[in-house]
Structure formats: structure tokens, C-alpha cells
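Below you'll find the structure, written out as C-alpha cells, and then a few comments.
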There are 2 protein chains.
Amino acid sequence: MIHESLFTPAQVGRAGEDVALQIEAAILNEKIIPGEGLPSERELQVQFQTGRGVIREAMRALKQKGLIEIRKGAKGGAYVKQIDVANVSESLALFLKQQHVGLADIAEFRESIDRTITLLAIARADAAEKQQLVAEAEKLRECLEQPEPDMWTLGEIDRELNIRLAKMTGNPIFEWIMQALQLGFSSQDYALYEDPDYRQKTVENWAETARHIATNEPLRALSSIGAHYAMLQRCVEEAGSSRKASAQSETKQQS
Amino acid sequence: MIHESLFTPAQVGRAGEDVALQIEAAILNEKIIPGEGLPSERELQVQFQTGRGVIREAMRALKQKGLIEIRKGAKGGAYVKQIDVANVSESLALFLKQQHVGLADIAEFRESIDRTITLLAIARADAAEKQQLVAEAEKLRECLEQPEPDMWTLGEIDRELNIRLAKMTGNPIFEWIMQALQLGFSSQDYALYEDPDYRQKTVENWAETARHIATNEPLRALSSIGAHYAMLQRCVEEAGSSRKASAQSETKQQS
DNA sequence: CCCCTAGTTTGGTCCTACCATTAGCTGACA
DNA sequence: TGTCAGCTAATGGTAGGACCAAACTAGGGG
């Protein structure tokens, strides 16, 4: 539990900020460990010598940052938690939405990340992991050949394939970046999956890429990835010109 | 100004979340344009049929997300603003801090991004931009040769060089990612700059890389970058083994 | 021994009052 | 007439109290 003198009374004017900063510092310096919790709001109110509203606003800010989780009822209160990568993703997605980022720029960035990840995965992952990747890519193909291909399941497996490949680099940052990208642009991805031509080619491309990774052929793997993104670009251009104008304007409005 | 019926009364239980979500949706759908503002807290209190504390907590959350900025006094209130990339950076930095990410992983990621950016910059930037890059790298070298090299200025120019190079890709995402990385790991970067050997070699490496970019020699440029990160890795290893233990433990504690 | 109810803790909401800051206006003075 | 000090109103920031709802705890009854 928390020692009594961990926090000092808040200053006037920016009391809310002050409280939030003090608690945040305590968390980041590991004065408070993830898992167990802060005093109750009424107790903090006394420690900081401030009103309860100030404490509540600080808590809301910390919760928004992903630093704490709040539970109601007895034994409730604020509990320090591990920040989830979803917080970063949400922040990133919000930013990209408001900046009107085009799909082309996003695709280019994803392609560059994919290439790097693929090379690292080939160099570092062991044979078993590579075989698992091939197996999952095959599962994706089987899933498509079902009489009623479930769009959501397809997207989910595609997502898992990307994450699995990123994990194989051995560097967690790539996995996180990939998760952030997936979460941030899931809407666009799903929209593309509506196109049956894109579906078919993507699935086959995944199987091909996985095979080349498993057989340690980096150049062929990169070639597959390049083909995939070239195909994606064609689909985007087609969608932008031929599809109904409402979808286009909506994309413009939201991205 | 805001239409009267934009918001609907908040539900009980999670009124704060509800209010925040409604306003966030209004902002993202561009029902409210960046630059001009929401009604006052007391007005929103009426529109949402809720207490003022709820409104304030929602505002705090939106402010934390970077969606609004709050001004005091008459004509004050919440004004919608363009999300700054610094918000994403802060979120990312917080996450990486709590995950105990090692410098080696970060460096590897940065190296991969640097390579991609360099290739794109060589392919797309015009000669004038490349010449400016060379000039700025020269400025960095001059700055180092001063009798009293200002550490902060050096770091600042280094940062600007990275941003400038990222801009030259023509894809804003690379610029943002670079900014996020810079802001997120500035502390580690500055610590490395304390080493005079690292300083010297980094500055020379920048000049070399810029020259190769200006003369459109991608392979040589990549080679320079590779050399830089190999050198960085040596410095990190040395610092980890020979430097005083307190710095090491502090790094462990904070990263 | 198990289940169910009452009590206690704690976050969630509402309200009211007051303070601090700021923009805009008003009026006196040069 | 122009300018600037001072006043006023609008608005966010803080304080404190009261009550509700949810959730854990313990004690009593089956």
C-alpha cells in the first residue's frame, strides 16, 4: 500500500495537472507497482489537501493515458496497470484520422515495415516458427475456399499472420508497431476485403510469402511483398475512380 | 457556433464517457471544425442534462487526447485543435518506458526506419533539398568544432537533420514517426551525446551520409548508416559494462 | 455447510457557492 | 478626439457537501 508522505499538497491554479503529474511520476518511477492500487479518492483528497473534483479529474486523465484502471465498489479504486499498446494505437489512429492521411502513404509505410520485418524474420526465426507461419497462411486459404467466406474471420487471420511475422523478428517494437497499424486502420482494411479479387490475390500472396520465408529466400519473399502492395495500389486506384461516389466522399471525410 | 440539437442527454452510469464520446465523434466527423469552439461548460451542462463535474471530466479526457485546448476567462472555453504529433509521441514514450524496452531494440528499429527513409529521400527529393541537407550537416560539424560545444544545440541540430531527411521522403508518415521517436527517446540520445567519441563520429557520419545522399549513391549512404549504428552499439555496450553502476541501474529502473 | 441479506467502502453524479482570469466595454482625462 | 484605467460579465478552476449505485464483506438463517 501507499506510504503516507508520497504526495505533497497540490498548488493552486493547476491543481488537477499537479496531482496527475505527481501520481504519474510515482507510477513511472515504480514507487507504485502495477497490479496494486492507489488510495481512495477521499483519502487522496486529504493527502493533496484539495477538493475531490480535482482528484477525479486527475484520475480521468491518468485513465485516459492508460496508466490506471478504475474499479467501483468496496476494494475498488484506482489500480496501476501495464499500458496496453492499444493506447498508442488509439492515439495514432486519432491523429491520422484528423490529418486526412491518404491510403497511399499508409500503404507505402506499411510496405517498408513489412520488408524490414520479413528480412529480420528470415534471419532470426527458427524453422518451427516459419513452419507455423506457413500453416497459418494455409489456414487462411482454406478459410477463403469455404462456401461462405466470413469476412471478419479472414481479416482476423490476416491480422494474426502479420503479428506472428512481426513477433518472429525477436524485436518487440516491430510487433507493437504492427499492432498499432492494424488497430489504427482496420476500417480501411476491412473495406478492401470486400473486393473478391483483392481477397483472392491477398490470400495467395500470403501463402507464397510464407513459403519463401520458410525456405529462407529473402529476395523472393520481398518480391512477393512488392507484388502484393502493387496489387493493393491498383485496387485503391480502381476503387477511387469506379466505385460509387458516396463511398469515396465518406473515405475522404473520415480519413 | 454549435447547433442546439447536436448533443443528446447523457445516460446514467457512465455519463462522463458518454459525453466525451459524443463530443469526440462530433469533432472527428467535422461537425465542429478545428479553430472554433464548443459551448461553455455551463451550457453543455444543460444540453447534456447532467452535472458540471461530468462535463469537466469529459473535457479533461478530450484535452488529454489532444482534441481540444482549454482557455480561461471571458471568450474562453474549449476550442477544437489539430492533434499534434507530440500526443502520439508522448503516448508511445510512456508505453516504451513502462515496457522496459532496451536501447538495442530501439536502435534496431531506428536503423531500419533510417534506411528506408534514406532510400526514399534519394529517390524523390530534388537537388536543392539534398544540398540543404549537406549544408545543415556541415553546420553540425562546425558547431562541434567550437571551443565550447553546446550539447543541447548539437542534439537539436541532429534532431532537425533527421526530421529534414524524413520530410524529403514526401510521405508525411515518416516525418511523424521520426518526430515521435525523437521526442520519445530524447533522454537516451542526450545521454549518448555526453560521450565525446560518439559525438565526433556521429557528426562525421552525418556529413558523410548527407554527401552520399546528395550524390545519389544509395549503397554508400546505407553503408554510412550501418556504420553509424554499429558504432552506436559499441558505445552502448561500453557504457553498459564500464560506466558507473548507478547510471546503469537508473537506466534499468526508468526504461 | 451453504446461501442470502444487511452493512460498509468506494466510485459516480449533482449542486451550490466562491475564486481567478480574461475580454470587452465604459467613462474620465489629456 | 483619442487613449488608457478601471469596471463588468463570462468562463474555467476549486471547495465541500450530499446522495446514489455498485461491489465486496460478514454475519445470520436455512
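Chain labels run A, B, ... following the order of the C-alpha cells; each chain numbers its residues from 1, and ligands are numbered from 1 in the order shown.
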* Counting only C-alpha atoms (C1' of nucleotides), what is within 12 Å of DA20 of chain C, bar same-chain residues fewer than 6 positions away, as a list in words? ->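 The filter keeps Val12, Gly13 and Arg14 of chain A; Lys72, Gly73 and Ala74 of chain B; DT11, DG12, DG13 and DT14 of chain D.
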* Those of segment 9-219 of chain B in DSSP strand (DSSP E or B), formatted as a PyMOL selection string -> chain B and resi 37+68-71+77-80
Please write the residues from the selection above to a file, keeping C-alpha atoms, as a compact mmCIF listing (two decimals), in the first residue's frame.
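Result file follows (result_0.txt):
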```txt
# COMPACT_ATOMS: atom_id res chain seq x y z
CA GLY B 37 -15.16 26.19 -30.10
CA ILE B 68 -9.25 20.28 -27.58
CA GLU B 69 -7.44 23.13 -25.91
CA ILE B 70 -8.96 24.98 -22.97
CA ARG B 71 -8.74 28.70 -22.37
CA GLY B 77 -13.81 27.55 -23.17
CA ALA B 78 -12.88 24.50 -25.18
CA TYR B 79 -11.53 25.04 -28.68
CA VAL B 80 -11.07 22.19 -31.12
```
* To do: Please report as a PyMOL selection string which residues of chain B come no farther than 6 Å from chain A, using only C-alpha atoms.
  => chain B and resi 57+61+83+88+91-92+95+105+171
* Would you give me, as JSON, numbers by chain, the residues in segment 10-186 of chain B that DSSP reads as alpha helix (DSSP H)? -> {"B": [15, 16, 17, 18, 19, 20, 21, 22, 23, 24, 25, 26, 27, 28, 41, 42, 43, 44, 45, 46, 47, 52, 53, 54, 55, 56, 57, 58, 59, 60, 61, 62, 63, 64, 65, 85, 86, 87, 88, 89, 90, 91, 92, 93, 94, 95, 96, 97, 98, 103, 104, 105, 106, 107, 108, 109, 110, 111, 112, 113, 114, 115, 116, 117, 118, 119, 120, 121, 122, 123, 124, 127, 128, 129, 130, 131, 132, 133, 134, 135, 136, 137, 138, 139, 140, 141, 142, 143, 144, 145, 151, 152, 153, 154, 155, 156, 157, 158, 159, 160, 161, 162, 163, 164, 165, 166, 167, 172, 173, 174, 175, 176, 177, 178, 179, 180, 181, 182, 183, 184, 186]}
* Asked: Which polymer residues have any atom within 12 Å of an atom of DG28 of chain D, counting only C-alpha atoms (C1' of nucleotides), with same-chain residues fewer than 6 positions away left out, as JSON, numbers by chain?
  -> {"C": [3, 4, 5, 6]}
Could you write out that same residue set with C-alpha atoms (C1' of nucleotides) as an mmCIF file, in the first residue's frame?
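Contents of the output file part.cif:
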```
data_model
loop_
_atom_site.group_PDB
_atom_site.id
_atom_site.type_symbol
_atom_site.label_atom_id
_atom_site.label_comp_id
_atom_site.auth_asym_id
_atom_site.auth_seq_id
_atom_site.Cartn_x
_atom_site.Cartn_y
_atom_site.Cartn_z
ATOM 1 C "C1'" DC C 3 -26.968 -19.138 0.746
ATOM 2 C "C1'" DC C 4 -28.843 -14.784 1.430
ATOM 3 C "C1'" DT C 5 -29.271 -10.288 3.329
ATOM 4 C "C1'" DA C 6 -27.556 -6.030 5.564
#
```
* All residues 12 Å or closer to DC19 of chain D, only C-alpha atoms (C1' of nucleotides), same chain fewer than 4 positions away omitted, as a list in words -> DG12, DT13, DC14 and DC15 of chain C
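Nearest-residue note for DT9 of chain C: choosing from A:Gly226, A:Gly76, A:Gly184, A:Pro149, the minimum distance belongs to A:Gly76, counting only C-alpha atoms (C1' of nucleotides).
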* To do: For chain C, list the residues within 8 Å of chain A, counting only C-alpha atoms (C1' of nucleotides), and write the list as a PyMOL selection string.
  => chain C and resi 8-11
Written file, previous selection with C-alpha atoms (C1' of nucleotides), as a JSON list (two decimals), in the first residue's frame:
```
[["chain", "number", "residue", "atom", "x", "y", "z"],
["C", 8, "DT", "C1'", -19.57, -0.71, 4.54],
["C", 9, "DT", "C1'", -16.48, 1.02, 1.22],
["C", 10, "DT", "C1'", -15.80, 3.47, -2.91],
["C", 11, "DG", "C1'", -16.54, 5.48, -7.40]]
```
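Ranking D:DA23, D:DA5, D:DA18, D:DA10 by their shortest atom-to-atom distance to chain A, with only C-alpha atoms (C1' of nucleotides) included, puts D:DA23 first.
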* To do: Work out how far apart atom C1' of DG30 of chain D and atom C1' of DC2 of chain C are and give it in Å to one decimal.
  =>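 Spanning atom C1' of DG30 of chain D to atom C1' of DC2 of chain C is a straight-line distance of 8.7 Å.
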* **From B:Pro9, B:Asp158, B:Ala121, B:Pro39, residue lying nearest chain D [only C-alpha atoms (C1' of nucleotides)]** =>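 Closest to chain D, using only C-alpha atoms (C1' of nucleotides): B:Pro39.
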* Within 12 Å of DA17 of chain C, counting only C-alpha atoms (C1' of nucleotides), which residues show up once you throw out same-chain ones fewer than 5 positions away? Write them as a list in words, please. =>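 The filter keeps DT14, DA15, DG16 and DG17 of chain D.
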* Asked: Which residue out of D:DA26, D:DC4, D:DA9, D:DA21 has the minimum interatomic distance to chain A when only C-alpha atoms (C1' of nucleotides) are used?
  ->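 Of the candidates, the smallest distance to chain A is held by D:DA21.
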* Nearby residues (only C-alpha atoms (C1' of nucleotides)) at most 8 Å from segment 191-208 of chain A, same-chain spacing under 2 positions excluded, as a list in words -> Val134, Ala137, Glu138, Leu140, Arg141, Leu144, Met151, Gly155, Ser187, Gln188, Asp189, Ala210, Arg211, His212, Ala221, Ser224, Ile225, His228, Met231, Leu232 and Cys235 of chain A
